[in-house]
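Notes to accompany the following structure.
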Amino acid sequence: MSKTLEFKSFCFEAYRAEKKLGGREAMLLFKKYGVLDYLGTCFDVLHTTGRAYIIEDIDAFINVRKN
């Protein structure tokens, strides 16, 4: 497994658990807003941050796209 894919999996599971979402619900949300592409693009920066920061960053990313 590549480091980027491993990171995306970690982010997905961390976000899903924090928000108490089912796997399907979380994946639909990530697909709708392009979160996995974003995580891949920003891997170099984001993989050096902590879990709480990543969850907040994903929330901010989604909220910007909702408006």
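Residue numbers start at 1 in each chain; chains themselves are named A, B, ... in the order of the structure tokens; ligands are numbered from 1 in the order shown.
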Inset, instruction - Using only C-alpha atoms, determine which residues lie at most 12 Å from Phe12 (chain A), disregarding the query and same-chain residues fewer than 4 positions distant; provide the list as number ranges by chain. - result: A: 5-8, 16-31, 35-36, 39, 51, 54-55, 58-59
Inset, instruction - Enumerate the residues of chain A with a DSSP assignment of alpha helix (DSSP H), computed from the backbone, and present them as a PyMOL selection string. - result: chain A and resi 3-19+23-33+35-41+43-46+51-66
Inset, instruction - Compare A:Asp44, A:Glu13, A:Tyr33, A:Lys3 by their minimum atom-to-atom distance to Asn67 (chain A), counting only C-alpha atoms, and give me the closest one. - result: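 The closest residue to Asn67 (chain A) is A:Tyr33.
Take CA of Ser2 (chain A) and CA of Arg65 (chain A): the distance between them is 27.7 Å.
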Inset, instruction - Considering only C-alpha atoms, state which residue in the set A:Ser9, A:Met1, A:Thr48, A:Tyr38 is at the smallest distance from Ala60 (chain A). - result: A:Tyr38
